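Peer 1: Have a peek at protein.cif (mmCIF, C-alpha atoms).
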```cif
data_input
loop_
_atom_site.label_atom_id
_atom_site.label_comp_id
_atom_site.auth_asym_id
_atom_site.auth_seq_id
_atom_site.Cartn_x
_atom_site.Cartn_y
_atom_site.Cartn_z
CA MET A 1 0.00 0.00 0.00
CA LYS A 2 1.12 3.49 -0.74
CA PHE A 3 -0.50 6.62 0.62
CA THR A 4 0.41 10.27 0.96
CA GLY A 5 -0.82 13.12 3.05
CA ILE A 6 -1.70 11.34 6.28
CA PHE A 7 -2.03 14.81 7.75
CA ALA A 8 -3.63 16.39 4.66
CA LEU A 9 -5.70 19.55 4.81
CA PHE A 10 -8.88 17.71 3.89
CA ALA A 11 -10.68 14.60 5.06
CA VAL A 12 -9.30 11.37 3.66
CA VAL A 13 -10.12 7.75 4.42
CA LEU A 14 -7.27 5.27 4.01
CA PRO A 15 -7.69 1.65 2.90
CA ALA A 16 -7.88 -0.97 5.62
CA ILE A 17 -4.36 -2.29 5.21
CA ALA A 18 -1.06 -1.59 6.87
CA ILE A 19 1.51 -3.97 5.36
CA PRO A 20 1.46 -6.31 2.38
CA VAL A 21 0.40 -9.80 3.40
CA ARG A 22 3.26 -12.03 2.32
CA ASP A 23 4.12 -14.91 4.50
CA HIS A 24 6.40 -13.52 7.11
CA THR A 25 4.08 -15.76 9.16
CA THR A 26 5.24 -19.06 7.70
CA GLY A 27 7.56 -21.47 9.45
CA TYR A 28 6.09 -21.00 12.91
CA ASP A 29 3.22 -23.52 12.95
CA GLY A 30 3.35 -25.90 15.87
CA ILE A 31 6.15 -24.04 17.65
CA LYS A 32 5.54 -23.39 21.32
CA VAL A 33 7.25 -20.59 23.18
CA LEU A 34 8.15 -21.68 26.71
CA ARG A 35 9.44 -19.80 29.72
CA ILE A 36 11.94 -22.01 31.53
CA PRO A 37 12.80 -21.10 35.13
CA THR A 38 16.49 -21.18 35.97
CA GLY A 39 18.33 -22.09 39.15
CA ASN A 40 21.77 -20.98 40.17
CA SER A 41 23.26 -21.92 36.82
CA THR A 42 21.98 -21.93 33.24
CA ALA A 43 24.87 -23.99 31.84
CA ARG A 44 22.93 -27.25 31.34
CA LEU A 45 19.90 -25.47 29.89
CA ASP A 46 22.17 -23.48 27.56
CA ALA A 47 23.86 -26.67 26.38
CA LEU A 48 20.50 -28.34 25.72
CA ILE A 49 19.24 -25.33 23.77
CA ASP A 50 22.46 -25.22 21.72
CA THR A 51 22.31 -28.96 21.00
CA LEU A 52 18.75 -28.70 19.69
CA ASP A 53 19.51 -25.41 17.89
CA LEU A 54 16.54 -23.60 19.43
CA SER A 55 15.77 -19.90 19.03
CA VAL A 56 15.97 -17.97 22.30
CA TRP A 57 13.79 -14.91 22.78
CA THR A 58 15.30 -13.62 25.98
CA HIS A 59 17.89 -15.07 28.30
CA ALA A 60 18.31 -13.49 31.71
CA SER A 61 21.69 -14.82 32.80
CA LEU A 62 21.18 -14.04 36.46
CA PRO A 63 20.41 -16.84 38.97
CA ASN A 64 16.77 -17.75 39.59
CA SER A 65 15.52 -16.03 36.47
CA HIS A 66 14.21 -17.53 33.21
CA ILE A 67 14.86 -18.34 29.56
CA ASP A 68 12.18 -17.81 26.88
CA VAL A 69 12.67 -20.20 23.99
CA GLU A 70 10.94 -21.47 20.85
CA VAL A 71 10.40 -25.24 20.85
CA PRO A 72 9.29 -26.92 17.59
CA LYS A 73 6.93 -29.87 17.91
CA ASN A 74 9.49 -32.38 16.58
CA VAL A 75 11.76 -31.82 19.61
CA PHE A 76 9.13 -30.80 22.15
CA LYS A 77 8.97 -34.13 23.98
CA LYS A 78 12.75 -34.51 24.16
CA PHE A 79 13.26 -30.92 25.26
CA THR A 80 10.62 -30.86 27.99
CA SER A 81 11.75 -34.22 29.34
CA SER A 82 15.34 -33.01 29.57
CA VAL A 83 14.28 -29.70 31.08
CA GLY A 84 12.26 -31.50 33.72
CA GLN A 85 15.28 -33.54 34.73
CA ILE A 86 17.57 -30.49 34.82
CA LEU A 87 15.17 -28.51 36.98
CA LYS A 88 14.73 -31.48 39.32
CA ASP A 89 18.48 -31.95 39.65
CA GLU A 90 18.95 -28.27 40.46
CA GLY A 91 16.07 -28.12 42.89
CA VAL A 92 14.04 -25.61 40.88
CA ASN A 93 10.40 -25.82 41.91
CA ALA A 94 8.95 -23.14 39.61
CA ALA A 95 6.84 -24.41 36.72
CA VAL A 96 7.56 -24.11 33.02
CA GLU A 97 5.13 -21.58 31.49
CA VAL A 98 3.65 -21.64 27.99
CA MET A 99 3.85 -18.18 26.43
CA HIS A 100 2.53 -19.22 23.00
CA GLU A 101 0.72 -22.52 22.55
CA ASP A 102 1.18 -22.25 18.78
CA LEU A 103 3.40 -19.42 17.60
CA GLY A 104 2.07 -19.67 14.06
CA VAL A 105 -1.45 -18.98 15.28
CA SER A 106 -0.27 -16.01 17.34
CA ILE A 107 1.65 -14.45 14.44
CA ARG A 108 -1.27 -14.92 12.02
CA LYS A 109 -3.56 -13.26 14.54
CA GLU A 110 -1.12 -10.35 14.72
CA ALA A 111 -1.07 -10.18 10.91
CA GLU A 112 -4.87 -9.96 10.81
CA GLY A 113 -4.58 -6.88 12.99
CA LEU A 114 -2.09 -5.39 10.54
CA VAL A 115 -4.59 -5.66 7.72
CA THR A 116 -7.81 -4.67 9.45
CA ALA A 117 -6.89 -2.18 12.16
CA ASP A 118 -5.61 0.73 10.08
CA GLN A 119 -8.74 2.74 9.21
CA PHE A 120 -8.89 6.36 10.15
CA THR A 121 -10.00 9.74 8.93
CA VAL A 122 -7.99 12.93 9.01
CA GLN A 123 -10.04 16.09 9.43
CA ALA A 124 -9.31 19.76 8.78
CA GLY A 125 -5.54 19.59 8.90
CA LEU A 126 -5.38 18.14 12.43
CA ALA A 127 -2.75 15.45 12.96
CA ASN A 128 -4.78 12.33 13.74
CA ASP A 129 -3.39 9.82 16.20
CA ALA A 130 -5.24 6.81 14.73
CA TRP A 131 -1.85 5.82 13.31
CA PHE A 132 -1.29 4.21 16.70
CA ASN A 133 -4.09 1.68 16.23
CA ALA A 134 -2.01 -0.67 14.07
CA TYR A 135 1.46 -1.75 13.02
CA HIS A 136 2.72 -0.48 9.67
CA SER A 137 5.16 -1.21 6.86
CA TYR A 138 8.58 0.40 6.62
CA ASN A 139 7.52 2.53 3.63
CA ASP A 140 4.47 3.79 5.48
CA HIS A 141 6.60 4.71 8.48
CA ILE A 142 8.71 6.89 6.18
CA THR A 143 5.57 8.47 4.72
CA TRP A 144 4.28 9.13 8.23
CA LEU A 145 7.53 10.84 9.24
CA ASN A 146 7.42 13.06 6.15
CA ASP A 147 3.78 13.95 6.80
CA LEU A 148 4.52 14.63 10.46
CA VAL A 149 7.10 17.20 9.41
CA ALA A 150 4.75 18.66 6.80
CA THR A 151 2.10 19.10 9.49
CA PHE A 152 4.46 20.80 11.96
CA PRO A 153 6.96 22.58 9.67
CA ASN A 154 7.88 25.23 12.23
CA ASN A 155 9.04 22.65 14.76
CA ALA A 156 10.27 19.63 12.80
CA ARG A 157 12.53 18.56 9.97
CA ILE A 158 13.72 15.26 8.54
CA VAL A 159 17.27 14.13 9.36
CA SER A 160 19.27 11.07 8.35
CA SER A 161 22.17 9.16 9.87
CA GLY A 162 23.04 7.57 6.53
CA THR A 163 21.97 4.38 4.81
CA SER A 164 21.68 0.73 5.72
CA VAL A 165 23.65 -2.12 4.19
CA GLY A 166 20.72 -2.55 1.80
CA GLY A 167 20.69 1.12 0.83
CA ARG A 168 17.66 2.23 2.84
CA ASP A 169 17.75 5.69 4.35
CA ILE A 170 17.89 5.72 8.17
CA LYS A 171 15.51 8.60 8.66
CA GLY A 172 14.65 10.46 11.79
CA VAL A 173 12.84 13.61 12.81
CA ASN A 174 14.49 16.59 14.48
CA ILE A 175 12.04 18.42 16.76
CA PHE A 176 12.97 21.93 17.88
CA GLY A 177 11.48 24.98 19.52
CA SER A 178 11.22 28.70 18.96
CA SER A 179 14.95 29.34 18.57
CA GLY A 180 15.33 26.84 15.73
CA SER A 181 17.41 23.70 15.36
CA GLY A 182 20.97 23.03 16.43
CA THR A 183 21.35 25.50 19.27
CA LYS A 184 20.27 23.43 22.28
CA PRO A 185 21.43 20.20 23.96
CA ALA A 186 20.43 17.11 22.01
CA ILE A 187 18.12 14.34 23.13
CA ILE A 188 18.47 11.24 20.92
CA TRP A 189 16.08 8.28 20.83
CA HIS A 190 16.46 5.09 18.79
CA GLY A 191 13.82 2.48 18.00
CA ASN A 192 13.80 -0.89 16.23
CA ILE A 193 17.53 -1.58 16.30
CA HIS A 194 16.29 -5.17 16.59
CA ALA A 195 13.97 -5.89 13.69
CA ARG A 196 11.31 -7.97 15.44
CA GLU A 197 10.65 -5.42 18.20
CA TRP A 198 7.82 -3.67 16.35
CA ILE A 199 6.37 -1.94 19.41
CA THR A 200 9.52 0.18 19.72
CA SER A 201 9.12 2.18 16.50
CA MET A 202 5.45 2.79 17.25
CA THR A 203 6.20 3.96 20.78
CA VAL A 204 9.04 6.23 19.67
CA GLU A 205 6.72 7.74 17.05
CA TYR A 206 4.12 8.30 19.75
CA LEU A 207 6.70 10.29 21.70
CA ALA A 208 7.54 12.38 18.63
CA TYR A 209 3.85 12.98 17.92
CA SER A 210 3.19 13.95 21.54
CA LEU A 211 5.99 16.54 21.54
CA LEU A 212 4.75 18.18 18.36
CA ASN A 213 1.01 17.89 18.87
CA ASN A 214 1.21 19.38 22.37
CA TYR A 215 3.72 22.14 21.68
CA ALA A 216 1.09 24.80 21.01
CA ASN A 217 -1.28 23.92 23.85
CA SER A 218 0.94 22.73 26.73
CA THR A 219 3.33 25.07 28.51
CA GLU A 220 5.07 21.98 29.94
CA VAL A 221 5.75 20.42 26.55
CA LYS A 222 6.64 23.76 24.97
CA GLY A 223 9.20 24.21 27.71
CA TYR A 224 10.85 20.87 26.86
CA VAL A 225 10.88 21.49 23.10
CA ASP A 226 12.25 25.01 23.53
CA LYS A 227 14.96 23.68 25.89
CA TYR A 228 16.22 20.70 23.86
CA ASP A 229 16.77 19.54 20.29
CA PHE A 230 15.16 16.12 19.87
CA TYR A 231 16.53 13.67 17.30
CA ILE A 232 14.19 10.71 17.03
CA PHE A 233 14.93 7.67 14.85
CA PRO A 234 12.00 5.23 14.97
CA ILE A 235 13.62 2.54 12.77
CA THR A 236 17.41 2.26 12.99
CA ASN A 237 17.51 -1.20 11.36
CA PRO A 238 15.36 -0.66 8.25
CA ASP A 239 16.51 -3.74 6.31
CA GLY A 240 15.89 -6.10 9.19
CA PHE A 241 12.58 -4.42 10.00
CA ALA A 242 11.34 -4.78 6.41
CA PHE A 243 12.54 -8.40 6.34
CA SER A 244 10.56 -9.15 9.50
CA GLN A 245 7.43 -7.97 7.69
CA THR A 246 7.92 -9.80 4.42
CA ASN A 247 9.95 -12.94 5.17
CA THR A 248 10.65 -13.90 8.77
CA ARG A 249 8.57 -12.29 11.51
CA LEU A 250 11.07 -12.87 14.33
CA TRP A 251 14.20 -11.73 12.50
CA ARG A 252 16.46 -9.71 14.84
CA LYS A 253 19.68 -8.65 13.08
CA ASN A 254 20.41 -6.43 10.11
CA ARG A 255 20.86 -7.99 6.66
CA SER A 256 24.63 -7.91 6.21
CA SER A 257 25.94 -10.59 3.87
CA PRO A 258 27.40 -13.73 5.42
CA PRO A 259 31.10 -13.62 6.25
CA SER A 260 33.43 -16.01 4.48
CA GLY A 261 32.72 -19.62 5.38
CA SER A 262 29.16 -18.98 6.59
CA SER A 263 25.73 -18.87 4.97
CA CYS A 264 24.13 -16.84 7.78
CA TYR A 265 23.09 -13.25 7.21
CA GLY A 266 23.11 -10.34 9.59
CA ARG A 267 24.84 -8.76 12.54
CA ASP A 268 23.29 -7.77 15.85
CA LEU A 269 23.41 -3.98 15.63
CA ASN A 270 23.33 -3.68 19.40
CA ARG A 271 26.50 -5.75 19.78
CA ASN A 272 28.43 -3.94 17.05
CA TRP A 273 29.25 -0.58 18.68
CA ASN A 274 32.87 0.26 19.37
CA VAL A 275 32.80 -0.15 23.13
CA ALA A 276 34.01 -3.29 24.91
CA TRP A 277 33.46 -4.99 21.55
CA SER A 278 36.39 -7.38 21.98
CA GLN A 279 35.08 -8.81 25.25
CA THR A 280 33.72 -12.33 24.98
CA ASN A 281 30.99 -12.38 27.61
CA GLY A 282 28.21 -10.32 26.05
CA ALA A 283 27.90 -11.25 22.36
CA SER A 284 28.49 -14.12 19.96
CA THR A 285 31.25 -14.71 17.43
CA SER A 286 29.05 -17.16 15.50
CA PRO A 287 27.53 -15.59 12.35
CA CYS A 288 24.41 -17.70 12.79
CA ALA A 289 23.71 -16.47 16.32
CA ASP A 290 21.15 -13.75 16.96
CA THR A 291 23.76 -11.85 19.00
CA TYR A 292 26.53 -12.09 16.38
CA LYS A 293 28.72 -9.03 16.93
CA GLY A 294 30.34 -8.89 13.50
CA GLN A 295 33.92 -9.32 12.34
CA SER A 296 35.09 -6.03 13.80
CA ALA A 297 33.67 -3.18 15.82
CA ALA A 298 31.25 -0.98 13.85
CA ASP A 299 31.64 -3.03 10.68
CA THR A 300 28.04 -2.16 9.74
CA PRO A 301 27.04 1.07 7.96
CA GLU A 302 24.07 1.40 10.28
CA VAL A 303 26.18 1.60 13.45
CA ARG A 304 28.87 3.74 11.83
CA GLY A 305 26.28 6.27 10.69
CA LEU A 306 24.35 6.32 13.96
CA ALA A 307 27.53 6.68 16.02
CA ALA A 308 28.80 9.52 13.82
CA PHE A 309 25.45 11.30 14.10
CA ILE A 310 25.41 10.98 17.89
CA ASP A 311 29.04 12.03 18.29
CA ALA A 312 28.55 15.11 16.11
CA ARG A 313 25.81 16.30 18.45
CA ALA A 314 27.64 15.29 21.61
CA ARG A 315 30.81 17.14 20.56
CA SER A 316 29.04 20.26 19.36
CA SER A 317 28.96 23.42 21.46
CA ALA A 318 25.39 22.60 22.53
CA GLY A 319 26.28 19.04 23.49
CA ALA A 320 23.94 16.08 24.08
CA LYS A 321 21.87 15.55 27.20
CA MET A 322 20.10 12.19 26.86
CA PHE A 323 20.15 9.00 24.83
CA VAL A 324 17.61 6.18 25.02
CA ASP A 325 17.70 2.98 22.98
CA TRP A 326 14.14 1.57 23.03
CA HIS A 327 13.76 -2.22 22.93
CA SER A 328 11.21 -4.88 23.81
CA TYR A 329 10.30 -6.89 25.76
CA SER A 330 10.54 -7.28 29.60
CA GLN A 331 9.44 -3.90 31.04
CA LEU A 332 12.83 -2.60 32.13
CA PHE A 333 14.48 0.81 32.29
CA LEU A 334 18.22 0.36 32.40
CA TYR A 335 21.48 2.28 32.49
CA PRO A 336 25.22 1.48 32.15
CA TYR A 337 26.95 -0.79 32.28
CA GLY A 338 26.10 -3.74 30.07
CA TYR A 339 29.63 -4.94 29.48
CA SER A 340 30.44 -5.34 33.20
CA CYS A 341 28.38 -6.46 36.17
CA THR A 342 30.91 -5.01 38.61
CA LYS A 343 31.89 -1.67 37.09
CA VAL A 344 29.74 1.16 38.45
CA ALA A 345 28.88 4.18 36.31
CA THR A 346 30.18 7.49 37.65
CA ASP A 347 26.60 8.81 37.61
CA ASN A 348 25.08 5.58 38.92
CA THR A 349 23.15 7.19 41.78
CA GLU A 350 21.57 9.87 39.62
CA LEU A 351 20.83 7.45 36.78
CA GLY A 352 19.19 5.11 39.27
CA ARG A 353 17.08 7.93 40.69
CA LEU A 354 15.87 8.98 37.26
CA ALA A 355 15.18 5.42 36.18
CA SER A 356 13.10 4.82 39.30
CA GLY A 357 11.20 8.05 38.68
CA PHE A 358 10.54 7.02 35.09
CA ALA A 359 9.15 3.68 36.28
CA THR A 360 6.96 5.32 38.93
CA ALA A 361 5.50 7.86 36.50
CA LEU A 362 4.86 5.17 33.92
CA ARG A 363 3.19 2.89 36.44
CA ALA A 364 0.81 5.67 37.53
CA VAL A 365 -0.94 5.52 34.14
CA TYR A 366 -2.09 1.87 33.85
CA GLY A 367 -0.29 0.12 36.69
CA THR A 368 2.43 -1.33 34.42
CA ARG A 369 5.47 -2.30 36.49
CA TYR A 370 9.00 -1.71 35.26
CA THR A 371 12.21 -2.94 36.89
CA THR A 372 15.21 -0.61 36.89
CA GLY A 373 18.95 -1.04 37.33
CA PRO A 374 22.30 -1.38 35.54
CA ILE A 375 22.02 -3.44 32.36
CA CYS A 376 24.38 -6.29 33.20
CA SER A 377 23.26 -6.93 36.76
CA THR A 378 19.57 -6.51 35.95
CA ILE A 379 19.19 -8.57 32.78
CA TYR A 380 22.42 -9.89 31.19
CA ALA A 381 25.82 -8.90 29.86
CA THR A 382 25.89 -6.97 26.59
CA THR A 383 29.09 -5.92 24.86
CA GLY A 384 29.24 -3.46 21.98
CA SER A 385 25.92 -1.87 22.95
CA SER A 386 24.70 1.62 22.06
CA THR A 387 23.96 2.72 25.64
CA ASP A 388 27.47 1.89 26.87
CA TYR A 389 28.87 3.64 23.80
CA THR A 390 26.93 6.85 24.35
CA TYR A 391 27.90 6.89 28.03
CA ASP A 392 31.59 5.96 27.72
CA VAL A 393 32.53 7.32 24.29
CA SER A 394 30.02 10.08 23.49
CA LYS A 395 29.96 11.17 27.16
CA ILE A 396 26.19 11.54 27.26
CA LYS A 397 25.45 11.53 30.96
CA TYR A 398 21.83 10.39 30.75
CA SER A 399 22.23 7.22 28.70
CA PHE A 400 19.51 4.59 29.05
CA ALA A 401 18.16 1.41 27.47
CA ALA A 402 14.51 0.48 27.77
CA GLU A 403 12.65 -2.80 27.31
CA LEU A 404 8.99 -2.02 26.61
CA ARG A 405 5.87 -4.18 27.03
CA ASP A 406 5.28 -6.90 27.98
CA THR A 407 6.87 -9.34 30.45
CA GLY A 408 6.30 -12.44 28.33
CA ALA A 409 2.60 -13.13 27.82
CA ASN A 410 3.05 -12.07 24.19
CA GLY A 411 6.72 -11.17 23.98
CA PHE A 412 7.67 -9.85 20.56
CA VAL A 413 4.24 -10.65 19.12
CA LEU A 414 2.53 -7.87 21.02
CA PRO A 415 -1.07 -7.18 19.91
CA ALA A 416 -1.72 -3.88 18.15
CA SER A 417 -4.21 -3.04 20.89
CA GLN A 418 -1.22 -2.40 23.17
CA ILE A 419 0.45 0.19 20.93
CA ARG A 420 -1.43 3.17 22.26
CA PRO A 421 -1.20 2.16 25.96
CA SER A 422 2.55 1.63 25.50
CA GLY A 423 2.87 5.10 24.00
CA VAL A 424 0.75 6.81 26.63
CA GLU A 425 2.52 5.29 29.62
CA THR A 426 5.99 5.76 28.12
CA TRP A 427 5.19 9.40 27.43
CA ALA A 428 4.42 9.81 31.14
CA GLY A 429 7.79 8.31 32.04
CA VAL A 430 9.63 10.46 29.51
CA LYS A 431 8.04 13.63 30.83
CA TYR A 432 9.39 12.73 34.26
CA LEU A 433 12.90 12.42 32.79
CA LEU A 434 12.62 15.74 30.96
CA ALA A 435 11.42 17.49 34.11
CA ASN A 436 14.05 16.02 36.43
CA MET A 437 17.34 15.88 34.53
CA ALA A 438 19.85 18.22 36.13
#
```
Can the structure in the file be given as structure tokens, please?

Peer 2:
Amino acid sequence: MKFTGIFALFAVVLPAIAIPVRDHTTGYDGIKVLRIPTGNSTARLDALIDTLDLSVWTHASLPNSHIDVEVPKNVFKKFTSSVGQILKDEGVNAAVEVMHEDLGVSIRKEAEGLVTADQFTVQAGLANDAWFNAYHSYNDHITWLNDLVATFPNNARIVSSGTSVGGRDIKGVNIFGSSGSGTKPAIIWHGNIHAREWITSMTVEYLAYSLLNNYANSTEVKGYVDKYDFYIFPITNPDGFAFSQTNTRLWRKNRSSPPSGSSCYGRDLNRNWNVAWSQTNGASTSPCADTYKGQSAADTPEVRGLAAFIDARARSSAGAKMFVDWHSYSQLFLYPYGYSCTKVATDNTELGRLASGFATALRAVYGTRYTTGPICSTIYATTGSSTDYTYDVSKIKYSFAAELRDTGANGFVLPASQIRPSGVETWAGVKYLLANMA
């Protein structure tokens, strides 16, 4: 589908479709997604998962946590029997939970929402927020960004950090106040660095929309937009995102060509930044792994371009104030470090205070609970990550990473009905950050 003028100066009704229906849904029939409780060690569970070559959704490496994993029906009996024995041996009494009884069914249900949920009318030149009723294709996201800027030309312009390995533009929107762009400290937000995390681009766009749509009628929001330059990139992995909508729904990485000797595509763009990249505890050296860090630090055009864009703002006379990399899922608001569970950030106390305030403000909206803390000690080790890079290299004091809804009931396959609630509650948390940064 192609459309223009989402925010046109006359009423227009768009067709009831959001992305082309090709089978990004295939290959998932009969797969269950299980949450496996862990004891003091995950070594035996990790070995079992590696032996059966299972896809892991999230793996909290801390003791007494859990692993979320896809289990195809042909290995289900063997896997669950082995898991039962491991948990018994380790004295783990918590039960295995079923997140998706049939992943294929869940993804097809999500796809139905993509086709049927996107009907809305735009009236009299008012930016209509019905965009947040459905998920959308990459091309339509770009159209939406262009139309957002066309609707608010005095406070927004399109920016780019460069192009992806596949040649797609990595577009963002720069939101600025009465004094124009480029004169105030930068706030930079990234979404969809991991392709399958569709809720992140929608939530980041909700934040952009809320800043612009409320500028004229909220003294609070006007104060934030006049104080900072916002640089918001909803989709920082455009090739992977598009691939997740046309080929493989749960694709994570970018679409870099396989290295010599491998047939596996892609690098994990949040393990490819030039910070602690050479460490071995927070990423994979296997090209087929979802967390493959690449052959060298920043060997992807996406990361090189994003890092250069961030550093240019951080090293300017205005500087950069905040960076947030928005992910899903798990409901977490995190801060450095990811590459070490023992190293403490210089600003740890203040970052912890702000993270807790974000979580409290967010929870006040719908009761959604977020956990906060340093990345490594709260969830798992990550090397070569954007948040550690912006804190250590770019010297952006308020550097965070977020994991949005939910905590596992749906995981990556989050229903479109949760887009708007995610945006509304995250906006509440972000306003707390903007009001309380020193």

Peer 1: Given the choices A:Ile142, A:Ile107, A:Ala381, A:Val344, which gets closest to A:Gly411 if the distance is worked out from all atoms listed in the file?

Peer 2: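 Ranking A:Ile142, A:Ile107, A:Ala381, A:Val344 by distance to A:Gly411, first place goes to A:Ile107.
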
Peer 1: Taking the point (7.3, -25.7, 24.7) as given in the file, collect each protein or nucleic acid residue that comes within 9 Å of it, counting only C-alpha atoms, and present the set as a ChimeraX atom specification.

Peer 2: /A:31-35,69-73,76-77,79-80,96-101

Peer 1: Go through the shown structure with the PyMOL selection byres ((chain A and resi 437) around 12) and write out the matching residues as a PyMOL selection string.

Peer 2: chain A and resi 187+224+227-228+321-322+350-355+357-358+397-399+430-436+438

Peer 1: Quick one: of A:Val225, A:Leu250, A:Val424, A:Ile170, who's nearest to A:Asn139, counting all atoms listed in the file?

Peer 2: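 So, comparing all the options, the nearest one is A:Ile170.
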
Peer 1: In the coordinate frame of the file, compute which residues have an atom within 7 Å of (12.6, 11.8, 17.2) when using all atoms listed in the file, and state them as JSON, numbers by chain.

Peer 2: {"A": [172, 173, 174, 175, 188, 189, 208, 230, 231, 232, 233, 234]}

Peer 1: Can you list, as a list in words, every protein, DNA or RNA residue that comes within 7 Å of A:Gly104 when you count only C-alpha atoms, leaving out same-chain residues fewer than 2 positions away?

Peer 2: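 Selected residues are Thr25, Tyr28, Asp29, Gly30, Ile31, Asp102, Ser106, Ile107 and Arg108 of chain A.
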
Peer 1: Measuring atom to atom with only C-alpha atoms, identify which of A:Arg315, A:Ile193, A:Lys222, A:Leu211 is nearest to A:Ala401.

Peer 2: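 Nearest candidate to A:Ala401 out of A:Arg315, A:Ile193, A:Lys222, A:Leu211: A:Ile193.
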
Peer 1: Can you pull out every residue within 8 Å of A:Glu110, counting all atoms listed in the file, but drop anything in the same chain fewer than 6 positions away, and send it as a VMD selection string?

Peer 2: chain A and resid 413 to 416
